[in-house]
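Below is one structure, written out as structure tokens; the observations come after it.
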Amino acid sequence: MMAASVKKRLVALLGSSLKNCLEKGKFELAAPPPSIEVEMTKDTSHGDYASNIAMVLASQARKPPRQIAELLGEQIEDRDHLLDEVEIAGPGFLNFFIKEHIWTTLLQDVDSLQEQFGTNNIGQGKRVQVEFVSANPTGPLHIGHARGAVIGDVMANILTASGYNVHREYYINDAGNQMNNLGTSVLLRYLELLGKTVEFPDNIYQGDYIRDIAEQIMEKYGDTYVNRDDDEAVRFFTDYAASMILDEIKNDLKAFGIVFDEYFSERELYKDDGVARLLEDLKARGFIYREEDTLWFRTTDFGDEKDRVVVRKNGEPTYFAADIAYHKNKFDRGFDTVIDVWGADHHGYMPRVYGGIQALGFNKDSLKIVLVQLVNLLRDGKPLAMSTRSGEFVTMKEVIDEVGRDAARYNFLMRRSDSHLDFDLELAKKQSNENPVYYVQYAHARICSMIRLAVDRNFSIPRYDETDFSRLTLPEEVMLIKVITRYPEVIEGAALSLEPHRLTFYLNELAGIFHSYYNKHKVVSDDLALSKARLFLVNSIRMVLNNALNLLGVSTPEKM
RNA sequence: GCGCCCAUGGCUCAGCUGGAUAGAGCGCCGGACUACGAAUCCGGAUGUCGGAGGUUCGAAUCCUCCUGGGCGCGCCA
């Protein structure tokens, strides 16, 4: 059974205190009470937690904030004896000083939950789809895709750990002009290989992988297609190439530790005239109009800067038309929340997609679009030029092969996703203090090493009930305990804000406090009870490091 | 030109959804292994939070304008 967090218990205490005040007529409110916020303090001289509720209430209660704080403080009924002291400070903060032994009681969760420690149930089983990567199968994944891939993957992990029922999906854009370009590119290369003189237009894909696929087709089918440049031939080359490339994409993702529940093909949407029927539906709802042989969606109704074409003059639906159908499909599958992870270069596309789902009657809030800024790939501080079409790019696979999966993943998680990221290959490769992933992994390995030593000396990791926590009196130990017990809140916050980077920052903090503690104090000593208590503590740290790194998809080495 | 995002120590970035004296890492200088792993630790300097107004008990955070950067503005995806 998970213990309620101290924060939640304080919120509850304040809630009933407020109720008492109102019932006893200590003050009156002109409006319904706002939700009560309790925050961890930055400075321990302000206690462990603080609430600003008195200041928030001041204007509607028409009393000075400090007076409100006094009244609230008096009416707190601390039946569980959580508190040493409630202090009124500054302009009207209520500062809570928690009894020290309360913290150690929270460590019971680490012992009883083990690998599950840190999980929560804010999701309550709600179904969430996370759609990410979704690169066209026109070439291998490159470094920019890698960042979105990791962020989407870890976000999905965090949501799973928060009680959501998560579905990971990759949308394959395999139905547009770019695909025809791909087919044509391979066809032309194929013809060239067979000795034909061919001209390559500018918009053709030129990477080596195009040539590889052309060679493969040549080996398999000889010159079967040499005199055919008709639509059917192009379609064959397109399908063949797309399938090869998609397989490679799947392999690369797998090597990066990323596995999808579903690869959803854009072509699915066209089956049974799905897109056409959707457009009819929208037309019936009055959002579609015709102008000069094209069909327009009135996205300006939803704040877009101009209306968008859904069916071109040549009669073909646009990518956008399919995308509305796709989002409808998502909601029809019963997801409560749909999350799209996009490259930030698509941000201008957001209003029309939000418009699309609203036109269909879905709630705007049920779609969350997370933008991931593009990555600048550097080597020794110098930028590497990249362009998919010209074939000059560093693939995701090359990056993983060069710097390693752990370092690559961790590097992508060290910044908030909407912030630009410089990814320096040489820096990411360094096994040094410039590379935070090793800092955290080293803490884990160090603890494992310590435990090995302790076991050699016939210690065992004590259970919670066998541990004498009164021996953990050092300030560093109290600090460590507090940071450990904060871990579940970090996950909850990361899940609510869809911000995976919070975990890496937390891990760096935890590892830092541990390393410092380690250098200052000996865990395994002649003092049996003390050693056991400290072993329990460091093993709890190990557990948190293990659980958090698992969520990040980063390994937890026992030796380095 | 219009729209979106960003601007925080020398550099790279956090800042928990408006809280108290704005924090890390790197870099720089000086120290710590006959002690559970030195990929570690300890000590030392650095800020008009791009600028100007506004909102309120309180602003790096919210609103307006300006400056400087990134991206977008296809019947491409």
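Identifiers in the structure tokens: chain A, B, ... in order shown; residue index from 1 per chain; ligand index from 1 in order shown.
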Return the neighbours of chain A among the residues of chain B, cut-off 12 Å, counting only C-alpha atoms (C1' of nucleotides), as a ChimeraX atom specification. /B:2-7,11-27,32-33,35-42,56-58,69-77
Could you go through region 33-153 of chain A and tell me which residues DSSP, when run on the backbone, assigns to alpha helix (DSSP H), listing them as an NGL selection string? :A and (53-61 or 65-74 or 100-113 or 143-153)
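Between CA of Leu279 (chain A) and CA of Gly355 (chain A) the separation is 13.9 Å.
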Spatial neighbours of region 236-238 of chain A, 7 Å, only C-alpha atoms (C1' of nucleotides), chain gap at least 4 places, as an mmCIF file with all heavy atoms, in the first residue's frame:
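Written out: around.cif:
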```
data_model
loop_
_atom_site.group_PDB
_atom_site.id
_atom_site.type_symbol
_atom_site.label_atom_id
_atom_site.label_comp_id
_atom_site.auth_asym_id
_atom_site.auth_seq_id
_atom_site.Cartn_x
_atom_site.Cartn_y
_atom_site.Cartn_z
ATOM 1 N N MET A 179 6.362 9.838 -52.101
ATOM 2 C CA MET A 179 6.544 8.409 -52.348
ATOM 3 C C MET A 179 6.787 8.146 -53.824
ATOM 4 O O MET A 179 7.604 7.322 -54.190
ATOM 5 C CB MET A 179 5.326 7.624 -51.850
ATOM 6 C CG MET A 179 5.101 7.737 -50.367
ATOM 7 S SD MET A 179 6.560 7.353 -49.389
ATOM 8 C CE MET A 179 6.760 5.625 -49.791
ATOM 9 N N ASN A 180 6.047 8.881 -54.667
ATOM 10 C CA ASN A 180 6.294 8.745 -56.097
ATOM 11 C C ASN A 180 7.714 9.174 -56.447
ATOM 12 O O ASN A 180 8.376 8.561 -57.269
ATOM 13 C CB ASN A 180 5.285 9.576 -56.893
ATOM 14 C CG ASN A 180 3.927 8.909 -56.904
ATOM 15 O OD1 ASN A 180 3.838 7.678 -56.817
ATOM 16 N ND2 ASN A 180 2.883 9.697 -56.994
ATOM 17 N N LEU A 182 10.213 8.920 -54.542
ATOM 18 C CA LEU A 182 11.082 7.836 -54.110
ATOM 19 C C LEU A 182 11.147 6.747 -55.181
ATOM 20 O O LEU A 182 12.225 6.308 -55.578
ATOM 21 C CB LEU A 182 10.563 7.249 -52.791
ATOM 22 C CG LEU A 182 11.278 5.983 -52.309
ATOM 23 C CD1 LEU A 182 12.701 6.299 -51.875
ATOM 24 C CD2 LEU A 182 10.511 5.332 -51.163
ATOM 25 N N GLY A 183 9.973 6.334 -55.649
ATOM 26 C CA GLY A 183 9.921 5.282 -56.662
ATOM 27 C C GLY A 183 10.669 5.691 -57.917
ATOM 28 O O GLY A 183 11.471 4.919 -58.466
ATOM 29 N N VAL A 186 14.472 5.551 -57.444
ATOM 30 C CA VAL A 186 15.052 4.213 -57.525
ATOM 31 C C VAL A 186 15.015 3.698 -58.971
ATOM 32 O O VAL A 186 15.982 3.094 -59.457
ATOM 33 C CB VAL A 186 14.305 3.237 -56.590
ATOM 34 C CG1 VAL A 186 14.892 1.828 -56.692
ATOM 35 C CG2 VAL A 186 14.360 3.723 -55.151
ATOM 36 N N LEU A 187 13.917 3.993 -59.633
ATOM 37 C CA LEU A 187 13.790 3.563 -61.025
ATOM 38 C C LEU A 187 14.902 4.157 -61.888
ATOM 39 O O LEU A 187 15.547 3.445 -62.665
ATOM 40 C CB LEU A 187 12.415 3.968 -61.564
ATOM 41 C CG LEU A 187 12.144 3.690 -63.059
ATOM 42 C CD1 LEU A 187 12.300 2.197 -63.365
ATOM 43 C CD2 LEU A 187 10.747 4.138 -63.443
ATOM 44 N N GLU A 232 2.728 1.813 -63.505
ATOM 45 C CA GLU A 232 2.782 0.539 -62.795
ATOM 46 C C GLU A 232 4.209 0.232 -62.325
ATOM 47 O O GLU A 232 4.425 -0.224 -61.204
ATOM 48 C CB GLU A 232 2.287 -0.583 -63.704
ATOM 49 C CG GLU A 232 1.809 -1.807 -62.959
ATOM 50 C CD GLU A 232 1.382 -2.889 -63.938
ATOM 51 O OE1 GLU A 232 0.696 -2.546 -64.924
ATOM 52 O OE2 GLU A 232 1.756 -4.052 -63.706
ATOM 53 N N ALA A 242 9.846 1.505 -50.393
ATOM 54 C CA ALA A 242 9.228 1.909 -49.128
ATOM 55 C C ALA A 242 9.284 0.773 -48.117
ATOM 56 O O ALA A 242 9.582 0.988 -46.939
ATOM 57 C CB ALA A 242 7.784 2.344 -49.361
#
```
Got a sec: who's within 8 Å of region 253-262 of chain A, counting only C-alpha atoms (C1' of nucleotides), leaving out chain neighbours fewer than 6 positions off, as an NGL selection string? :A and (149-150 or 153 or 167-170 or 400 or 405 or 553)
Which neighbours of Ile36 (chain A) fall inside 8 Å, counting only C-alpha atoms (C1' of nucleotides), when residues of the same chain fewer than 5 positions from it are skipped, and could you give them as a list in words?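 Contacts, with the query itself left out: Val11, Leu14, Gly15, Ser51 and Ile53 of chain A.
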For the residues in the current selection, export all heavy atoms as an mmCIF file, in the first residue's frame.
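Saved as result26.cif:
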```cif
data_model
loop_
_atom_site.group_PDB
_atom_site.id
_atom_site.type_symbol
_atom_site.label_atom_id
_atom_site.label_comp_id
_atom_site.auth_asym_id
_atom_site.auth_seq_id
_atom_site.Cartn_x
_atom_site.Cartn_y
_atom_site.Cartn_z
ATOM 1 N N VAL A 11 -2.165 19.212 2.001
ATOM 2 C CA VAL A 11 -3.285 19.821 1.287
ATOM 3 C C VAL A 11 -4.589 19.458 1.989
ATOM 4 O O VAL A 11 -5.469 20.310 2.203
ATOM 5 C CB VAL A 11 -3.317 19.364 -0.191
ATOM 6 C CG1 VAL A 11 -4.620 19.793 -0.860
ATOM 7 C CG2 VAL A 11 -2.127 19.929 -0.960
ATOM 8 N N LEU A 14 -4.912 21.383 5.275
ATOM 9 C CA LEU A 14 -5.290 22.774 5.038
ATOM 10 C C LEU A 14 -6.736 22.883 4.601
ATOM 11 O O LEU A 14 -7.447 23.821 4.980
ATOM 12 C CB LEU A 14 -4.378 23.379 3.960
ATOM 13 C CG LEU A 14 -3.083 24.021 4.448
ATOM 14 C CD1 LEU A 14 -2.241 24.459 3.272
ATOM 15 C CD2 LEU A 14 -3.385 25.203 5.354
ATOM 16 N N GLY A 15 -7.157 21.893 3.819
ATOM 17 C CA GLY A 15 -8.534 21.894 3.349
ATOM 18 C C GLY A 15 -9.520 21.839 4.502
ATOM 19 O O GLY A 15 -10.478 22.614 4.548
ATOM 20 N N SER A 51 2.690 26.939 1.932
ATOM 21 C CA SER A 51 1.481 27.207 1.153
ATOM 22 C C SER A 51 1.227 28.705 1.082
ATOM 23 O O SER A 51 1.464 29.438 2.039
ATOM 24 C CB SER A 51 0.268 26.519 1.775
ATOM 25 O OG SER A 51 -0.874 26.833 1.002
ATOM 26 N N ILE A 53 -1.760 29.858 0.423
ATOM 27 C CA ILE A 53 -3.216 29.945 0.394
ATOM 28 C C ILE A 53 -3.762 31.199 1.081
ATOM 29 O O ILE A 53 -4.737 31.795 0.628
ATOM 30 C CB ILE A 53 -3.856 28.647 0.992
ATOM 31 C CG1 ILE A 53 -5.361 28.629 0.801
ATOM 32 C CG2 ILE A 53 -3.478 28.489 2.457
ATOM 33 C CD1 ILE A 53 -5.820 28.514 -0.636
#
```
DSSP on the backbone, strand (DSSP E) only: what residues of region 16-180 of chain A does that give? Format it as a ChimeraX atom specification. /A:38-40,49-51,83-89,93-98,127-131,165-172
Restricting it to C-alpha atoms, dump the selection as a short mmCIF file (atom, residue, chain, number, x, y, z; two decimals), in the first residue's frame.
```cif
data_model
loop_
_atom_site.label_atom_id
_atom_site.label_comp_id
_atom_site.auth_asym_id
_atom_site.auth_seq_id
_atom_site.Cartn_x
_atom_site.Cartn_y
_atom_site.Cartn_z
CA VAL A 38 1.44 23.28 -1.25
CA GLU A 39 4.99 23.49 -2.50
CA MET A 40 8.30 22.17 -1.39
CA TYR A 49 6.66 22.75 2.58
CA ALA A 50 4.88 26.05 2.25
CA SER A 51 1.48 27.21 1.15
CA LEU A 83 4.16 18.52 12.01
CA ASP A 84 6.79 19.92 14.28
CA GLU A 85 5.71 23.44 13.66
CA VAL A 86 3.59 25.66 11.48
CA GLU A 87 5.09 29.06 10.98
CA ILE A 88 3.62 32.21 9.53
CA ALA A 89 6.27 33.97 7.53
CA PHE A 93 3.17 32.03 3.90
CA LEU A 94 2.30 29.03 6.00
CA ASN A 95 5.54 27.13 6.48
CA PHE A 96 5.34 23.52 7.53
CA PHE A 97 8.11 21.81 9.41
CA ILE A 98 7.71 18.08 9.09
CA ARG A 127 -6.25 5.34 -22.90
CA VAL A 128 -3.57 7.54 -24.39
CA GLN A 129 -2.02 7.31 -27.80
CA VAL A 130 1.44 8.69 -28.35
CA GLU A 131 2.25 9.12 -32.00
CA ASN A 165 -2.94 2.76 -20.85
CA VAL A 166 -0.49 3.83 -23.54
CA HIS A 167 -0.45 2.99 -27.23
CA ARG A 168 2.68 3.87 -29.24
CA GLU A 169 2.09 4.53 -32.86
CA TYR A 170 4.11 5.41 -35.95
CA TYR A 171 2.20 7.03 -38.80
CA ILE A 172 3.59 6.00 -42.16
#
```
Pick out the residues sitting within 10 Å of Cys21 (chain A), and hand them over as a PyMOL selection string; count only C-alpha atoms (C1' of nucleotides), and ignore anything fewer than 2 positions along from it in its own chain. chain A and resi 15-19+23-28+68+71-76
Output for the residues just chosen: all heavy atoms as a short mmCIF file (atom, residue, chain, number, x, y, z; two decimals), in the first residue's frame:
```cif
data_model
loop_
_atom_site.label_atom_id
_atom_site.label_comp_id
_atom_site.auth_asym_id
_atom_site.auth_seq_id
_atom_site.Cartn_x
_atom_site.Cartn_y
_atom_site.Cartn_z
N GLY A 15 -7.16 21.89 3.82
CA GLY A 15 -8.53 21.89 3.35
C GLY A 15 -9.52 21.84 4.50
O GLY A 15 -10.48 22.61 4.55
N SER A 16 -9.25 20.94 5.45
CA SER A 16 -10.20 20.84 6.57
C SER A 16 -10.05 22.03 7.51
O SER A 16 -11.03 22.45 8.14
CB SER A 16 -10.03 19.51 7.31
OG SER A 16 -8.69 19.30 7.65
N SER A 17 -8.85 22.56 7.58
CA SER A 17 -8.65 23.76 8.39
C SER A 17 -9.46 24.92 7.83
O SER A 17 -10.11 25.67 8.57
CB SER A 17 -7.16 24.12 8.42
OG SER A 17 -6.98 25.44 8.86
N LEU A 18 -9.42 25.03 6.50
CA LEU A 18 -10.19 26.10 5.86
C LEU A 18 -11.68 25.91 6.12
O LEU A 18 -12.41 26.87 6.42
CB LEU A 18 -9.90 26.09 4.35
CG LEU A 18 -10.69 27.08 3.48
CD1 LEU A 18 -10.48 28.52 3.95
CD2 LEU A 18 -10.27 26.95 2.02
N LYS A 19 -12.10 24.67 6.05
CA LYS A 19 -13.50 24.36 6.29
C LYS A 19 -13.89 24.76 7.72
O LYS A 19 -14.93 25.38 7.97
CB LYS A 19 -13.71 22.85 6.08
CG LYS A 19 -15.15 22.46 5.82
CD LYS A 19 -15.22 20.99 5.38
CE LYS A 19 -16.55 20.37 5.80
NZ LYS A 19 -16.39 19.05 6.40
N GLU A 23 -16.73 27.39 8.88
CA GLU A 23 -17.85 26.95 9.72
C GLU A 23 -17.92 27.73 11.02
O GLU A 23 -18.99 28.04 11.53
CB GLU A 23 -17.74 25.45 10.01
CG GLU A 23 -18.27 24.60 8.86
CD GLU A 23 -17.95 23.13 9.04
OE1 GLU A 23 -17.39 22.76 10.09
OE2 GLU A 23 -18.26 22.36 8.12
N LYS A 24 -16.75 28.04 11.55
CA LYS A 24 -16.72 28.76 12.82
C LYS A 24 -16.80 30.26 12.62
O LYS A 24 -16.66 31.04 13.56
CB LYS A 24 -15.44 28.42 13.58
CG LYS A 24 -15.38 26.96 14.01
CD LYS A 24 -14.09 26.65 14.74
CE LYS A 24 -14.02 25.17 15.08
NZ LYS A 24 -12.72 24.79 15.67
N GLY A 25 -16.93 30.66 11.36
CA GLY A 25 -17.09 32.08 11.07
C GLY A 25 -15.84 32.92 11.32
O GLY A 25 -15.93 34.10 11.62
N LYS A 26 -14.68 32.30 11.23
CA LYS A 26 -13.44 33.06 11.42
C LYS A 26 -13.28 34.10 10.32
O LYS A 26 -12.76 35.17 10.53
CB LYS A 26 -12.23 32.13 11.42
CG LYS A 26 -12.27 31.05 12.47
CD LYS A 26 -12.00 31.62 13.85
CE LYS A 26 -11.97 30.49 14.89
NZ LYS A 26 -11.86 31.01 16.26
N PHE A 27 -13.66 33.71 9.12
CA PHE A 27 -13.74 34.66 8.01
C PHE A 27 -14.68 34.09 6.97
O PHE A 27 -15.08 32.93 7.03
CB PHE A 27 -12.36 34.97 7.40
CG PHE A 27 -11.58 33.76 6.98
CD1 PHE A 27 -11.81 33.15 5.76
CD2 PHE A 27 -10.58 33.24 7.81
CE1 PHE A 27 -11.08 32.05 5.37
CE2 PHE A 27 -9.84 32.14 7.43
CZ PHE A 27 -10.09 31.54 6.20
N GLU A 28 -15.09 34.96 6.04
CA GLU A 28 -16.01 34.53 4.99
C GLU A 28 -15.38 34.76 3.64
O GLU A 28 -14.56 35.65 3.47
CB GLU A 28 -17.33 35.33 5.10
CG GLU A 28 -18.17 34.90 6.26
CD GLU A 28 -19.40 35.79 6.41
OE1 GLU A 28 -19.65 36.59 5.48
OE2 GLU A 28 -20.08 35.67 7.45
N ILE A 68 -5.14 35.74 8.05
CA ILE A 68 -5.74 34.52 7.51
C ILE A 68 -4.85 33.32 7.81
O ILE A 68 -5.31 32.25 8.23
CB ILE A 68 -5.90 34.62 5.98
CG1 ILE A 68 -6.62 35.89 5.61
CG2 ILE A 68 -6.55 33.35 5.44
CD1 ILE A 68 -8.00 35.71 5.11
N LEU A 71 -5.19 32.21 11.38
CA LEU A 71 -6.43 31.48 11.61
C LEU A 71 -6.35 30.07 11.05
O LEU A 71 -6.74 29.10 11.68
CB LEU A 71 -7.60 32.25 10.98
CG LEU A 71 -7.92 33.59 11.66
CD1 LEU A 71 -8.86 34.44 10.81
CD2 LEU A 71 -8.52 33.34 13.05
N LEU A 72 -5.82 29.97 9.83
CA LEU A 72 -5.70 28.65 9.21
C LEU A 72 -4.76 27.76 10.04
O LEU A 72 -5.03 26.58 10.25
CB LEU A 72 -5.16 28.77 7.78
CG LEU A 72 -6.16 29.25 6.73
CD1 LEU A 72 -5.44 29.56 5.43
CD2 LEU A 72 -7.25 28.20 6.51
N GLY A 73 -3.67 28.36 10.50
CA GLY A 73 -2.71 27.61 11.30
C GLY A 73 -3.35 27.08 12.58
O GLY A 73 -3.16 25.93 12.95
N GLU A 74 -4.15 27.92 13.24
CA GLU A 74 -4.80 27.52 14.49
C GLU A 74 -5.76 26.36 14.28
O GLU A 74 -5.95 25.52 15.16
CB GLU A 74 -5.60 28.70 15.07
CG GLU A 74 -4.73 29.76 15.73
CD GLU A 74 -5.54 31.05 15.97
OE1 GLU A 74 -6.78 31.00 15.85
OE2 GLU A 74 -4.90 32.08 16.26
N GLN A 75 -6.41 26.33 13.14
CA GLN A 75 -7.46 25.35 12.91
C GLN A 75 -6.97 24.02 12.34
O GLN A 75 -7.77 23.15 12.03
CB GLN A 75 -8.54 25.93 11.97
CG GLN A 75 -9.29 27.11 12.58
CD GLN A 75 -10.06 26.72 13.84
OE1 GLN A 75 -10.58 25.62 13.95
NE2 GLN A 75 -10.07 27.61 14.83
N ILE A 76 -5.67 23.92 12.18
CA ILE A 76 -5.14 22.65 11.65
C ILE A 76 -5.21 21.57 12.72
O ILE A 76 -4.81 21.78 13.87
CB ILE A 76 -3.68 22.83 11.16
CG1 ILE A 76 -3.70 23.57 9.83
CG2 ILE A 76 -2.98 21.49 11.02
CD1 ILE A 76 -2.35 23.90 9.28
#
```
Quick one: residues within 9 Å of Phe469 (chain A), only C-alpha atoms (C1' of nucleotides), excluding same-chain residues fewer than 2 positions away - as an MDAnalysis selection string? chainID A and resid 101 104 467 471:473 530 533:534
So that I have them on file, write out the residues from the current selection with all heavy atoms, as a short mmCIF file (atom, residue, chain, number, x, y, z; two decimals), in the first residue's frame.
```cif
data_model
loop_
_atom_site.label_atom_id
_atom_site.label_comp_id
_atom_site.auth_asym_id
_atom_site.auth_seq_id
_atom_site.Cartn_x
_atom_site.Cartn_y
_atom_site.Cartn_z
N HIS A 101 11.01 11.93 11.54
CA HIS A 101 10.79 10.50 11.35
C HIS A 101 9.74 10.22 10.28
O HIS A 101 9.65 9.12 9.76
CB HIS A 101 10.38 9.84 12.67
CG HIS A 101 8.95 10.10 13.04
ND1 HIS A 101 8.59 11.19 13.80
CD2 HIS A 101 7.81 9.46 12.72
CE1 HIS A 101 7.27 11.18 13.95
NE2 HIS A 101 6.77 10.14 13.31
N THR A 104 11.29 9.05 6.98
CA THR A 104 11.75 7.65 6.87
C THR A 104 10.57 6.70 6.68
O THR A 104 10.73 5.66 6.05
CB THR A 104 12.57 7.24 8.11
OG1 THR A 104 11.72 7.34 9.26
CG2 THR A 104 13.77 8.12 8.27
N THR A 467 15.36 -2.05 9.93
CA THR A 467 16.28 -0.93 9.85
C THR A 467 16.04 0.06 10.99
O THR A 467 14.91 0.43 11.27
CB THR A 467 16.11 -0.21 8.50
OG1 THR A 467 16.25 -1.16 7.46
CG2 THR A 467 17.14 0.88 8.33
N ARG A 471 19.46 5.95 13.36
CA ARG A 471 20.91 6.11 13.16
C ARG A 471 21.23 7.03 11.99
O ARG A 471 22.39 7.42 11.80
CB ARG A 471 21.56 4.73 12.93
CG ARG A 471 21.37 3.73 14.08
CD ARG A 471 21.97 4.26 15.38
NE ARG A 471 23.36 4.62 15.27
CZ ARG A 471 24.37 3.76 15.42
NH1 ARG A 471 24.13 2.50 15.71
NH2 ARG A 471 25.62 4.17 15.30
N LEU A 472 20.24 7.32 11.18
CA LEU A 472 20.49 8.19 10.02
C LEU A 472 20.21 9.63 10.41
O LEU A 472 19.13 10.15 10.18
CB LEU A 472 19.62 7.77 8.83
CG LEU A 472 19.84 6.35 8.33
CD1 LEU A 472 18.93 6.05 7.16
CD2 LEU A 472 21.30 6.13 7.92
N THR A 473 21.20 10.26 11.02
CA THR A 473 20.96 11.59 11.56
C THR A 473 21.72 12.69 10.83
O THR A 473 21.50 13.87 11.08
CB THR A 473 21.40 11.62 13.03
OG1 THR A 473 22.75 11.15 13.09
CG2 THR A 473 20.51 10.74 13.88
N LEU A 530 24.49 0.87 12.24
CA LEU A 530 24.68 2.03 11.36
C LEU A 530 24.90 1.58 9.93
O LEU A 530 24.31 2.13 8.98
CB LEU A 530 25.87 2.86 11.85
CG LEU A 530 26.17 4.11 11.02
CD1 LEU A 530 25.02 5.10 11.08
CD2 LEU A 530 27.47 4.77 11.49
N ALA A 533 21.62 0.51 8.41
CA ALA A 533 20.75 1.65 8.09
C ALA A 533 21.23 2.35 6.83
O ALA A 533 20.46 2.71 5.94
CB ALA A 533 20.71 2.63 9.25
N ARG A 534 22.55 2.51 6.72
CA ARG A 534 23.09 3.20 5.54
C ARG A 534 22.97 2.34 4.29
O ARG A 534 22.74 2.85 3.19
CB ARG A 534 24.55 3.59 5.79
CG ARG A 534 24.66 4.73 6.77
CD ARG A 534 26.07 5.19 7.02
NE ARG A 534 26.06 6.41 7.84
CZ ARG A 534 27.16 7.00 8.29
NH1 ARG A 534 28.36 6.49 8.02
NH2 ARG A 534 27.06 8.09 9.00
#
```
Nearest to Glu492 (chain A), chosen from A:Asn181, A:Ser5, A:Gln108, A:Thr119, with only C-alpha atoms counted in the distances: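 Under the stated criterion, the closest residue is A:Thr119.
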Just give me the gap between CA of Leu378 (chain A) and C1' of G47 (chain B) in Å, one decimal is fine. 29.0 Å
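You will find CA of Val403 (chain A) at 24.5 Å from CA of Leu510 (chain A).
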